[in-house]
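Colleague: Let me give you the structure first, and then I'll get to my questions.
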Number of protein chains: 2
Amino acid sequence: MTRAVAPTGTVFGVGLGPGDPELMSVRADRLLRNAGHVAYFRKAGRSGQARRILDGLLRADVTEIALEYPVTTEVPLTDPRYNDILSGFYQDCVTRLRAILDAGEDVVIVSEGDPFFYGSFMHLHARLTEHYQVEVVPAITGMSAAWTATGAPITWGDDVLSVLMGTLPEDVLVEHMRRADALIIMKIGRNIDRVRRALRRAGRFDAAWLVEYAAMPQQKVQKLSEAGDRVTPYFSIIVVHGHGRRP
Amino acid sequence: MTRAVAPTGTVFGVGLGPGDPELMSVRADRLLRNAGHVAYFRKAGRSGQARRILDGLLRADVTEIALEYPVTTEVPLTDPRYNDILSGFYQDCVTRLRAILDAGEDVVIVSEGDPFFYGSFMHLHARLTEHYQVEVVPAITGMSAAWTATGAPITWGDDVLSVLMGTLPEDVLVEHMRRADALIIMKIGRNIDRVRRALRRAGRFDAAWLVEYAAMPQQKVQKLSEAGDRVTPYFSIIVVHGHGRRP
């Protein structure tokens with residue numbers, strides 16, 4: 001009796017949404033409840049935000065693949081070692097995942113937020129998509145949860161929305177803050193002072209909201225001007241609403 | 001025997017996501033399956049995209065409230081009557097919804113995409129939020145479905161994403177197209193020629209993708225440069241990907 005060569009498994013890149021498990025899509029929920037292999041990123045030594053969202057959802061016999069960042073903030077972005085270290089890390093992740101995929105098993109790789117909107121899944125996607133079937137499931141972004149938490153629409157009519165990372169140079173931030181109607185600013189943790197200065201220079205500081213832990217139990221929403229000087233968590237989001245035409 | 005005055009009902013502003021019912025959130029799915037009153041916008045004489053997403057999901061005894069636009073494109077945006085007509089329409093919608101809410105019944109108002117990201121729900125929200133408890137459920141945006149459909153990430157590293165409406169003046173479009181790394185352009189139907197000119201002037205035309213009916217059965221993805229000159233549906237989305245740093 002001859003046996004056919006087993007086909008390789010499929011990669012599912014599944015967005016978990018902003019943090020509340022009920023804000024996962026119906027498809028993501030179904031894929032995760034049935035998954036045999038689930039991979040997620042986390043910082044070494046931490047349980048991880050993505051894994052927390054999965055609590056109580058996975059099969060008892062699931063194989064979990066924790067992909068643990070070798071560095072996050074210890075080496076500065078400007079250090080030439082940063083890219084080398086991360087590149088090696090992603091290659092190691094891929095090696096682990098390929099072993100499962102080549103055995104014919106599917107793997108669900110989860111992301112906080114949407115898989116193709118910033119974030120780490122994209123680096124695995126770039127390394128896997130040539131070799132395997134990849135299906136990406138979009139998700140609710142953290143920024144959607146943040147503007148929802150403020151209780152007001154982010155954009156009206158023909159408002160321009162610009163999404164900015166707090167890691168950008170101050171002058172670049174100011175320029176976009178002046179030109180756009182609505183603003184989302186992410187990755188603000190260690191960059192909060194530069195972001196505050198840029199918002200002030202652009203005349204947008206007093207309209208800015210700070211949302212911490214959007215769609216999580218510890219969610220906190222306040223005007224940025226009332227947040228004091230403390231450094232905010234890396235995954236805080238600043239929201240400045242647009243005010244386009246309104247019938 | 002005295003009877004307490006019944007409390008008023010709650011407004012649920014629920015995003016349906018981009019079109020595939022499986023891309024609705026678990027919470028939206030649950031709220032809709034249990035809802036006694038469901039309101040949705042549509043163009044008069046059409047079944048409506050939002051209602052189509054709900055097919056097979058609602059209770060047999062649900063009360064449906066179709067909110068039918070008096071105009072959409074028949075009167076130009078620049079016509080002073082446009083705002084008056086729409087304002088009267090939203091007020092009529094609110095009158096219908098308040099009758100249900102004041103009777104102590106909850107109403108689920110659905111939106112395509114995310115309720116606070118452009119779109120019509122926000123005009124009802126602005127008129128109801130002072131009088132009733134309102135809970136907004138965020139959702140996957142049409143733009144997330146569009147970039148997912150292209151099979152490539154929209155933003156990497158510290159890319160700037162700008163979201164632009166095709167209704168904007170050409171010079172405003174060009175300026176933002178030049179400055180942002182990644183672009184989303186929506187509301188392009190009748191504005192497609194201006195959008196094309198702006199993309200060419202900004203040097204972004206050859207990198208632009210056109211996604212029609214994202215996350216719907218008739219989804220179509222192609223380079224904009226290969227789409228020919230036909231006018232595309234109003235809810236088509238143009239995607240230009242960012243290319244930030246990549247380990």
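By convention here, the chains of the structure tokens are called A, B, ... in the order presented, each chain's residues are numbered starting at 1, and ligands are numbered starting at 1 in the order presented.
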Chain A superposed on chain B over all ordered C-alpha pairs, least squares: can you write that as a PDB file with C-alpha atoms, in the first residue's frame?

Modeller:
```pdb
ATOM      1  CA  MET A   1     -51.307  48.609  43.870  1.00  0.00           C
ATOM      2  CA  THR A   2     -48.934  51.222  42.471  1.00  0.00           C
ATOM      3  CA  ARG A   3     -46.642  50.590  39.538  1.00  0.00           C
ATOM      4  CA  ALA A   4     -43.195  52.104  39.183  1.00  0.00           C
ATOM      5  CA  VAL A   5     -42.527  54.184  36.080  1.00  0.00           C
ATOM      6  CA  ALA A   6     -40.733  51.893  33.654  1.00  0.00           C
ATOM      7  CA  PRO A   7     -37.143  52.920  32.897  1.00  0.00           C
ATOM      8  CA  THR A   8     -36.373  53.884  29.324  1.00  0.00           C
ATOM      9  CA  GLY A   9     -34.666  51.403  27.036  1.00  0.00           C
ATOM     10  CA  THR A  10     -31.005  51.305  26.127  1.00  0.00           C
ATOM     11  CA  VAL A  11     -29.576  52.167  22.697  1.00  0.00           C
ATOM     12  CA  PHE A  12     -27.011  49.676  21.423  1.00  0.00           C
ATOM     13  CA  GLY A  13     -24.958  51.080  18.558  1.00  0.00           C
ATOM     14  CA  VAL A  14     -23.600  47.914  17.071  1.00  0.00           C
ATOM     15  CA  GLY A  15     -21.023  47.703  14.282  1.00  0.00           C
ATOM     16  CA  LEU A  16     -21.590  44.858  11.832  1.00  0.00           C
ATOM     17  CA  GLY A  17     -18.074  44.898  10.422  1.00  0.00           C
ATOM     18  CA  PRO A  18     -17.184  44.884   6.738  1.00  0.00           C
ATOM     19  CA  GLY A  19     -19.839  42.537   5.358  1.00  0.00           C
ATOM     20  CA  ASP A  20     -19.074  38.898   6.138  1.00  0.00           C
ATOM     21  CA  PRO A  21     -21.378  37.921   9.051  1.00  0.00           C
ATOM     22  CA  GLU A  22     -18.509  35.862  10.536  1.00  0.00           C
ATOM     23  CA  LEU A  23     -16.497  39.073  10.890  1.00  0.00           C
ATOM     24  CA  MET A  24     -19.067  40.466  13.320  1.00  0.00           C
ATOM     25  CA  SER A  25     -17.867  40.458  16.931  1.00  0.00           C
ATOM     26  CA  VAL A  26     -19.073  37.784  19.326  1.00  0.00           C
ATOM     27  CA  ARG A  27     -20.850  40.540  21.280  1.00  0.00           C
ATOM     28  CA  ALA A  28     -22.562  41.966  18.192  1.00  0.00           C
ATOM     29  CA  ASP A  29     -23.669  38.488  17.169  1.00  0.00           C
ATOM     30  CA  ARG A  30     -25.130  37.815  20.616  1.00  0.00           C
ATOM     31  CA  LEU A  31     -26.876  41.197  20.892  1.00  0.00           C
ATOM     32  CA  LEU A  32     -28.440  40.797  17.455  1.00  0.00           C
ATOM     33  CA  ARG A  33     -29.648  37.229  17.979  1.00  0.00           C
ATOM     34  CA  ASN A  34     -31.446  38.372  21.141  1.00  0.00           C
ATOM     35  CA  ALA A  35     -32.672  41.769  19.936  1.00  0.00           C
ATOM     36  CA  GLY A  36     -36.361  42.671  19.979  1.00  0.00           C
ATOM     37  CA  HIS A  37     -35.936  45.888  17.946  1.00  0.00           C
ATOM     38  CA  VAL A  38     -33.292  46.328  15.240  1.00  0.00           C
ATOM     39  CA  ALA A  39     -32.851  49.554  13.258  1.00  0.00           C
ATOM     40  CA  TYR A  40     -30.763  49.970  10.110  1.00  0.00           C
ATOM     41  CA  PHE A  41     -30.198  52.571   7.430  1.00  0.00           C
ATOM     42  CA  ARG A  42     -30.798  51.936   3.772  1.00  0.00           C
ATOM     43  CA  LYS A  43     -31.524  53.753   0.564  1.00  0.00           C
ATOM     44  CA  ALA A  44     -35.259  53.868  -0.189  1.00  0.00           C
ATOM     45  CA  GLY A  45     -36.257  51.029  -2.493  1.00  0.00           C
ATOM     46  CA  ARG A  46     -33.199  48.895  -1.705  1.00  0.00           C
ATOM     47  CA  SER A  47     -32.904  45.958   0.668  1.00  0.00           C
ATOM     48  CA  GLY A  48     -29.714  47.495   2.025  1.00  0.00           C
ATOM     49  CA  GLN A  49     -26.236  46.173   2.772  1.00  0.00           C
ATOM     50  CA  ALA A  50     -26.617  46.312   6.570  1.00  0.00           C
ATOM     51  CA  ARG A  51     -29.871  44.330   6.413  1.00  0.00           C
ATOM     52  CA  ARG A  52     -28.249  41.751   4.148  1.00  0.00           C
ATOM     53  CA  ILE A  53     -25.554  41.056   6.756  1.00  0.00           C
ATOM     54  CA  LEU A  54     -28.355  40.288   9.240  1.00  0.00           C
ATOM     55  CA  ASP A  55     -30.013  37.638   7.056  1.00  0.00           C
ATOM     56  CA  GLY A  56     -30.785  34.526   9.082  1.00  0.00           C
ATOM     57  CA  LEU A  57     -29.524  36.045  12.325  1.00  0.00           C
ATOM     58  CA  LEU A  58     -32.538  37.812  13.816  1.00  0.00           C
ATOM     59  CA  ARG A  59     -35.333  36.466  16.000  1.00  0.00           C
ATOM     60  CA  ALA A  60     -38.515  35.464  14.182  1.00  0.00           C
ATOM     61  CA  ASP A  61     -40.505  38.017  16.197  1.00  0.00           C
ATOM     62  CA  VAL A  62     -38.044  40.908  15.843  1.00  0.00           C
ATOM     63  CA  THR A  63     -39.351  44.378  15.016  1.00  0.00           C
ATOM     64  CA  GLU A  64     -37.298  45.849  12.187  1.00  0.00           C
ATOM     65  CA  ILE A  65     -36.983  49.608  11.821  1.00  0.00           C
ATOM     66  CA  ALA A  66     -35.791  50.546   8.334  1.00  0.00           C
ATOM     67  CA  LEU A  67     -34.417  54.110   8.286  1.00  0.00           C
ATOM     68  CA  GLU A  68     -34.603  55.110   4.637  1.00  0.00           C
ATOM     69  CA  TYR A  69     -32.428  57.965   3.365  1.00  0.00           C
ATOM     70  CA  PRO A  70     -34.466  60.638   1.585  1.00  0.00           C
ATOM     71  CA  VAL A  71     -31.461  61.477  -0.604  1.00  0.00           C
ATOM     72  CA  THR A  72     -27.987  60.154  -1.025  1.00  0.00           C
ATOM     73  CA  THR A  73     -26.452  61.385  -4.247  1.00  0.00           C
ATOM     74  CA  GLU A  74     -29.398  63.092  -5.964  1.00  0.00           C
ATOM     75  CA  VAL A  75     -28.732  66.423  -4.217  1.00  0.00           C
ATOM     76  CA  PRO A  76     -25.086  67.564  -4.318  1.00  0.00           C
ATOM     77  CA  LEU A  77     -23.258  68.024  -1.016  1.00  0.00           C
ATOM     78  CA  THR A  78     -22.732  71.675  -1.859  1.00  0.00           C
ATOM     79  CA  ASP A  79     -26.483  72.330  -2.174  1.00  0.00           C
ATOM     80  CA  PRO A  80     -27.740  74.103   0.974  1.00  0.00           C
ATOM     81  CA  ARG A  81     -30.805  71.834   0.912  1.00  0.00           C
ATOM     82  CA  TYR A  82     -28.613  68.781   1.526  1.00  0.00           C
ATOM     83  CA  ASN A  83     -27.985  69.455   5.199  1.00  0.00           C
ATOM     84  CA  ASP A  84     -31.599  70.496   5.838  1.00  0.00           C
ATOM     85  CA  ILE A  85     -32.981  67.359   4.241  1.00  0.00           C
ATOM     86  CA  LEU A  86     -30.623  65.066   6.120  1.00  0.00           C
ATOM     87  CA  SER A  87     -31.124  66.877   9.395  1.00  0.00           C
ATOM     88  CA  GLY A  88     -34.901  66.449   9.091  1.00  0.00           C
ATOM     89  CA  PHE A  89     -34.405  62.807   8.223  1.00  0.00           C
ATOM     90  CA  TYR A  90     -32.268  62.113  11.295  1.00  0.00           C
ATOM     91  CA  GLN A  91     -34.822  63.909  13.452  1.00  0.00           C
ATOM     92  CA  ASP A  92     -37.579  61.662  12.061  1.00  0.00           C
ATOM     93  CA  CYS A  93     -35.445  58.598  12.806  1.00  0.00           C
ATOM     94  CA  VAL A  94     -34.968  59.770  16.367  1.00  0.00           C
ATOM     95  CA  THR A  95     -38.711  60.298  16.817  1.00  0.00           C
ATOM     96  CA  ARG A  96     -39.389  56.704  15.752  1.00  0.00           C
ATOM     97  CA  LEU A  97     -36.659  55.313  17.996  1.00  0.00           C
ATOM     98  CA  ARG A  98     -37.700  57.379  21.027  1.00  0.00           C
ATOM     99  CA  ALA A  99     -41.196  55.933  20.893  1.00  0.00           C
ATOM    100  CA  ILE A 100     -39.702  52.480  21.427  1.00  0.00           C
ATOM    101  CA  LEU A 101     -37.117  53.564  23.986  1.00  0.00           C
ATOM    102  CA  ASP A 102     -39.663  55.511  26.021  1.00  0.00           C
ATOM    103  CA  ALA A 103     -41.780  52.350  26.213  1.00  0.00           C
ATOM    104  CA  GLY A 104     -38.857  50.740  28.028  1.00  0.00           C
ATOM    105  CA  GLU A 105     -37.636  48.621  25.128  1.00  0.00           C
ATOM    106  CA  ASP A 106     -34.007  48.412  23.998  1.00  0.00           C
ATOM    107  CA  VAL A 107     -33.100  49.178  20.383  1.00  0.00           C
ATOM    108  CA  VAL A 108     -30.096  47.867  18.493  1.00  0.00           C
ATOM    109  CA  ILE A 109     -29.013  50.319  15.781  1.00  0.00           C
ATOM    110  CA  VAL A 110     -26.618  48.613  13.408  1.00  0.00           C
ATOM    111  CA  SER A 111     -23.902  50.173  11.252  1.00  0.00           C
ATOM    112  CA  GLU A 112     -21.769  48.759   8.508  1.00  0.00           C
ATOM    113  CA  GLY A 113     -18.147  48.894   9.641  1.00  0.00           C
ATOM    114  CA  ASP A 114     -17.441  50.597  12.975  1.00  0.00           C
ATOM    115  CA  PRO A 115     -20.192  52.842  14.425  1.00  0.00           C
ATOM    116  CA  PHE A 116     -17.857  55.756  15.271  1.00  0.00           C
ATOM    117  CA  PHE A 117     -15.762  55.687  12.072  1.00  0.00           C
ATOM    118  CA  TYR A 118     -17.562  57.850   9.499  1.00  0.00           C
ATOM    119  CA  GLY A 119     -21.130  56.628   8.812  1.00  0.00           C
ATOM    120  CA  SER A 120     -24.654  57.490   9.808  1.00  0.00           C
ATOM    121  CA  PHE A 121     -25.054  56.078  13.311  1.00  0.00           C
ATOM    122  CA  MET A 122     -23.093  59.010  14.696  1.00  0.00           C
ATOM    123  CA  HIS A 123     -25.864  61.412  13.733  1.00  0.00           C
ATOM    124  CA  LEU A 124     -28.365  59.403  15.777  1.00  0.00           C
ATOM    125  CA  HIS A 125     -25.876  59.020  18.610  1.00  0.00           C
ATOM    126  CA  ALA A 126     -25.481  62.789  18.821  1.00  0.00           C
ATOM    127  CA  ARG A 127     -29.261  63.151  19.136  1.00  0.00           C
ATOM    128  CA  LEU A 128     -29.894  60.277  21.575  1.00  0.00           C
ATOM    129  CA  THR A 129     -26.931  60.224  23.939  1.00  0.00           C
ATOM    130  CA  GLU A 130     -28.231  62.975  26.205  1.00  0.00           C
ATOM    131  CA  HIS A 131     -31.531  61.235  26.816  1.00  0.00           C
ATOM    132  CA  TYR A 132     -30.769  57.510  26.921  1.00  0.00           C
ATOM    133  CA  GLN A 133     -28.125  55.065  27.977  1.00  0.00           C
ATOM    134  CA  VAL A 134     -26.067  54.304  24.855  1.00  0.00           C
ATOM    135  CA  GLU A 135     -23.644  51.410  24.515  1.00  0.00           C
ATOM    136  CA  VAL A 136     -21.449  51.335  21.411  1.00  0.00           C
ATOM    137  CA  VAL A 137     -19.912  48.086  20.185  1.00  0.00           C
ATOM    138  CA  PRO A 138     -16.866  48.706  17.956  1.00  0.00           C
ATOM    139  CA  ALA A 139     -16.347  46.596  14.866  1.00  0.00           C
ATOM    140  CA  ILE A 140     -13.936  45.619  12.138  1.00  0.00           C
ATOM    141  CA  THR A 141     -13.726  48.489   9.660  1.00  0.00           C
ATOM    142  CA  GLY A 142     -14.168  48.155   5.926  1.00  0.00           C
ATOM    143  CA  MET A 143     -10.579  49.342   5.537  1.00  0.00           C
ATOM    144  CA  SER A 144      -9.283  46.417   7.625  1.00  0.00           C
ATOM    145  CA  ALA A 145     -11.135  44.035   5.321  1.00  0.00           C
ATOM    146  CA  ALA A 146      -9.689  45.875   2.315  1.00  0.00           C
ATOM    147  CA  TRP A 147      -6.043  45.643   3.371  1.00  0.00           C
ATOM    148  CA  THR A 148      -6.572  42.031   4.434  1.00  0.00           C
ATOM    149  CA  ALA A 149      -7.933  41.320   0.939  1.00  0.00           C
ATOM    150  CA  THR A 150      -4.720  42.624  -0.634  1.00  0.00           C
ATOM    151  CA  GLY A 151      -2.767  39.950   1.262  1.00  0.00           C
ATOM    152  CA  ALA A 152      -0.219  42.413   2.628  1.00  0.00           C
ATOM    153  CA  PRO A 153       0.156  44.484   5.805  1.00  0.00           C
ATOM    154  CA  ILE A 154      -0.964  48.103   5.617  1.00  0.00           C
ATOM    155  CA  THR A 155       1.549  49.524   8.135  1.00  0.00           C
ATOM    156  CA  TRP A 156       4.955  48.542   9.544  1.00  0.00           C
ATOM    157  CA  GLY A 157       7.139  50.057  12.245  1.00  0.00           C
ATOM    158  CA  ASP A 158       6.433  53.768  12.475  1.00  0.00           C
ATOM    159  CA  ASP A 159       4.584  54.199   9.188  1.00  0.00           C
ATOM    160  CA  VAL A 160       2.050  57.039   9.116  1.00  0.00           C
ATOM    161  CA  LEU A 161      -1.388  55.960   7.897  1.00  0.00           C
ATOM    162  CA  SER A 162      -3.762  58.594   6.537  1.00  0.00           C
ATOM    163  CA  VAL A 163      -7.409  57.888   5.816  1.00  0.00           C
ATOM    164  CA  LEU A 164      -8.816  60.146   3.097  1.00  0.00           C
ATOM    165  CA  MET A 165     -12.283  60.604   1.617  1.00  0.00           C
ATOM    166  CA  GLY A 166     -12.525  60.857  -2.161  1.00  0.00           C
ATOM    167  CA  THR A 167     -14.862  63.815  -1.641  1.00  0.00           C
ATOM    168  CA  LEU A 168     -11.926  66.050  -0.592  1.00  0.00           C
ATOM    169  CA  PRO A 169     -10.478  68.703  -2.944  1.00  0.00           C
ATOM    170  CA  GLU A 170      -7.716  67.396  -5.188  1.00  0.00           C
ATOM    171  CA  ASP A 171      -4.980  69.564  -3.657  1.00  0.00           C
ATOM    172  CA  VAL A 172      -5.824  68.379  -0.158  1.00  0.00           C
ATOM    173  CA  LEU A 173      -5.687  64.778  -1.333  1.00  0.00           C
ATOM    174  CA  VAL A 174      -2.302  65.300  -3.005  1.00  0.00           C
ATOM    175  CA  GLU A 175      -0.780  66.892   0.073  1.00  0.00           C
ATOM    176  CA  HIS A 176      -1.762  64.022   2.373  1.00  0.00           C
ATOM    177  CA  MET A 177      -0.866  61.400  -0.223  1.00  0.00           C
ATOM    178  CA  ARG A 178       2.649  62.840  -0.447  1.00  0.00           C
ATOM    179  CA  ARG A 179       3.226  62.967   3.311  1.00  0.00           C
ATOM    180  CA  ALA A 180       1.770  59.712   4.602  1.00  0.00           C
ATOM    181  CA  ASP A 181       3.435  56.309   4.210  1.00  0.00           C
ATOM    182  CA  ALA A 182       0.251  54.252   3.969  1.00  0.00           C
ATOM    183  CA  LEU A 183      -3.046  55.445   2.510  1.00  0.00           C
ATOM    184  CA  ILE A 184      -6.668  54.427   2.656  1.00  0.00           C
ATOM    185  CA  ILE A 185      -9.067  56.254   0.360  1.00  0.00           C
ATOM    186  CA  MET A 186     -12.807  55.749   0.773  1.00  0.00           C
ATOM    187  CA  LYS A 187     -15.975  57.217  -0.797  1.00  0.00           C
ATOM    188  CA  ILE A 188     -14.386  57.045  -4.215  1.00  0.00           C
ATOM    189  CA  GLY A 189     -17.339  56.135  -6.472  1.00  0.00           C
ATOM    190  CA  ARG A 190     -18.065  59.399  -8.302  1.00  0.00           C
ATOM    191  CA  ASN A 191     -14.752  60.882  -7.257  1.00  0.00           C
ATOM    192  CA  ILE A 192     -12.572  58.227  -8.858  1.00  0.00           C
ATOM    193  CA  ASP A 193     -11.136  60.503 -11.559  1.00  0.00           C
ATOM    194  CA  ARG A 194     -10.051  63.142  -9.043  1.00  0.00           C
ATOM    195  CA  VAL A 195      -8.596  60.445  -6.786  1.00  0.00           C
ATOM    196  CA  ARG A 196      -6.647  58.961  -9.699  1.00  0.00           C
ATOM    197  CA  ARG A 197      -5.254  62.386 -10.653  1.00  0.00           C
ATOM    198  CA  ALA A 198      -4.257  63.066  -7.051  1.00  0.00           C
ATOM    199  CA  LEU A 199      -2.521  59.692  -6.709  1.00  0.00           C
ATOM    200  CA  ARG A 200      -0.601  60.338  -9.932  1.00  0.00           C
ATOM    201  CA  ARG A 201       0.450  63.839  -8.812  1.00  0.00           C
ATOM    202  CA  ALA A 202       1.634  62.399  -5.488  1.00  0.00           C
ATOM    203  CA  GLY A 203       3.569  59.602  -7.183  1.00  0.00           C
ATOM    204  CA  ARG A 204       1.479  56.907  -5.487  1.00  0.00           C
ATOM    205  CA  PHE A 205      -0.713  55.734  -8.371  1.00  0.00           C
ATOM    206  CA  ASP A 206       1.327  52.687  -9.393  1.00  0.00           C
ATOM    207  CA  ALA A 207       1.361  51.364  -5.811  1.00  0.00           C
ATOM    208  CA  ALA A 208      -2.405  51.693  -5.332  1.00  0.00           C
ATOM    209  CA  TRP A 209      -4.786  48.735  -5.019  1.00  0.00           C
ATOM    210  CA  LEU A 210      -8.513  48.868  -5.618  1.00  0.00           C
ATOM    211  CA  VAL A 211     -10.645  46.641  -3.380  1.00  0.00           C
ATOM    212  CA  GLU A 212     -14.322  46.334  -4.239  1.00  0.00           C
ATOM    213  CA  TYR A 213     -16.837  44.659  -1.921  1.00  0.00           C
ATOM    214  CA  ALA A 214     -14.216  43.771   0.714  1.00  0.00           C
ATOM    215  CA  ALA A 215     -15.219  40.710   2.778  1.00  0.00           C
ATOM    216  CA  MET A 216     -18.322  40.126   0.627  1.00  0.00           C
ATOM    217  CA  PRO A 217     -18.948  37.241  -1.766  1.00  0.00           C
ATOM    218  CA  GLN A 218     -18.258  39.441  -4.816  1.00  0.00           C
ATOM    219  CA  GLN A 219     -14.934  40.761  -3.404  1.00  0.00           C
ATOM    220  CA  LYS A 220     -12.522  41.909  -6.128  1.00  0.00           C
ATOM    221  CA  VAL A 221      -8.900  43.001  -5.663  1.00  0.00           C
ATOM    222  CA  GLN A 222      -6.713  44.501  -8.369  1.00  0.00           C
ATOM    223  CA  LYS A 223      -4.077  47.138  -8.953  1.00  0.00           C
ATOM    224  CA  LEU A 224      -5.823  50.455  -9.555  1.00  0.00           C
ATOM    225  CA  SER A 225      -3.698  50.868 -12.698  1.00  0.00           C
ATOM    226  CA  GLU A 226      -5.328  47.724 -14.089  1.00  0.00           C
ATOM    227  CA  ALA A 227      -8.894  48.668 -13.206  1.00  0.00           C
ATOM    228  CA  GLY A 228      -9.556  50.637 -16.375  1.00  0.00           C
ATOM    229  CA  ASP A 229     -11.689  53.737 -16.458  1.00  0.00           C
ATOM    230  CA  ARG A 230     -15.018  52.470 -15.225  1.00  0.00           C
ATOM    231  CA  VAL A 231     -16.600  54.138 -12.187  1.00  0.00           C
ATOM    232  CA  THR A 232     -16.234  51.922  -9.140  1.00  0.00           C
ATOM    233  CA  PRO A 233     -18.891  51.356  -6.491  1.00  0.00           C
ATOM    234  CA  TYR A 234     -19.210  53.979  -3.787  1.00  0.00           C
ATOM    235  CA  PHE A 235     -17.974  51.568  -1.130  1.00  0.00           C
ATOM    236  CA  SER A 236     -14.794  50.580  -2.940  1.00  0.00           C
ATOM    237  CA  ILE A 237     -11.605  51.280  -1.029  1.00  0.00           C
ATOM    238  CA  ILE A 238      -8.165  52.201  -2.361  1.00  0.00           C
ATOM    239  CA  VAL A 239      -5.176  50.858  -0.420  1.00  0.00           C
ATOM    240  CA  VAL A 240      -1.550  52.017  -0.653  1.00  0.00           C
ATOM    241  CA  HIS A 241       0.696  49.989   1.667  1.00  0.00           C
ATOM    242  CA  GLY A 242       3.386  51.401   3.931  1.00  0.00           C
ATOM    243  CA  HIS A 243       6.877  49.883   3.951  1.00  0.00           C
ATOM    244  CA  GLY A 244       8.386  50.844   7.316  1.00  0.00           C
ATOM    245  CA  ARG A 245      11.466  49.240   8.812  1.00  0.00           C
ATOM    246  CA  ARG A 246      11.421  45.448   8.799  1.00  0.00           C
ATOM    247  CA  PRO A 247      13.724  43.192  10.803  1.00  0.00           C
TER     248      PRO A 247
END
```

Colleague: I'd like to know which residues of segment 58-186 of chain B are alpha helix (DSSP H) (by DSSP, run on the backbone); could you write them as a ChimeraX atom specification?

Modeller: /B:80-102,121-128,142-150,170-179

Colleague: Identify all residues of segment 45-211 of chain B in strand (DSSP E or B) (DSSP on the backbone) and supply them as a VMD selection string.

Modeller: chain B and resid 63 to 69 107 to 111 113 117 133 to 137 155 161 to 165 182 to 186 208 to 211
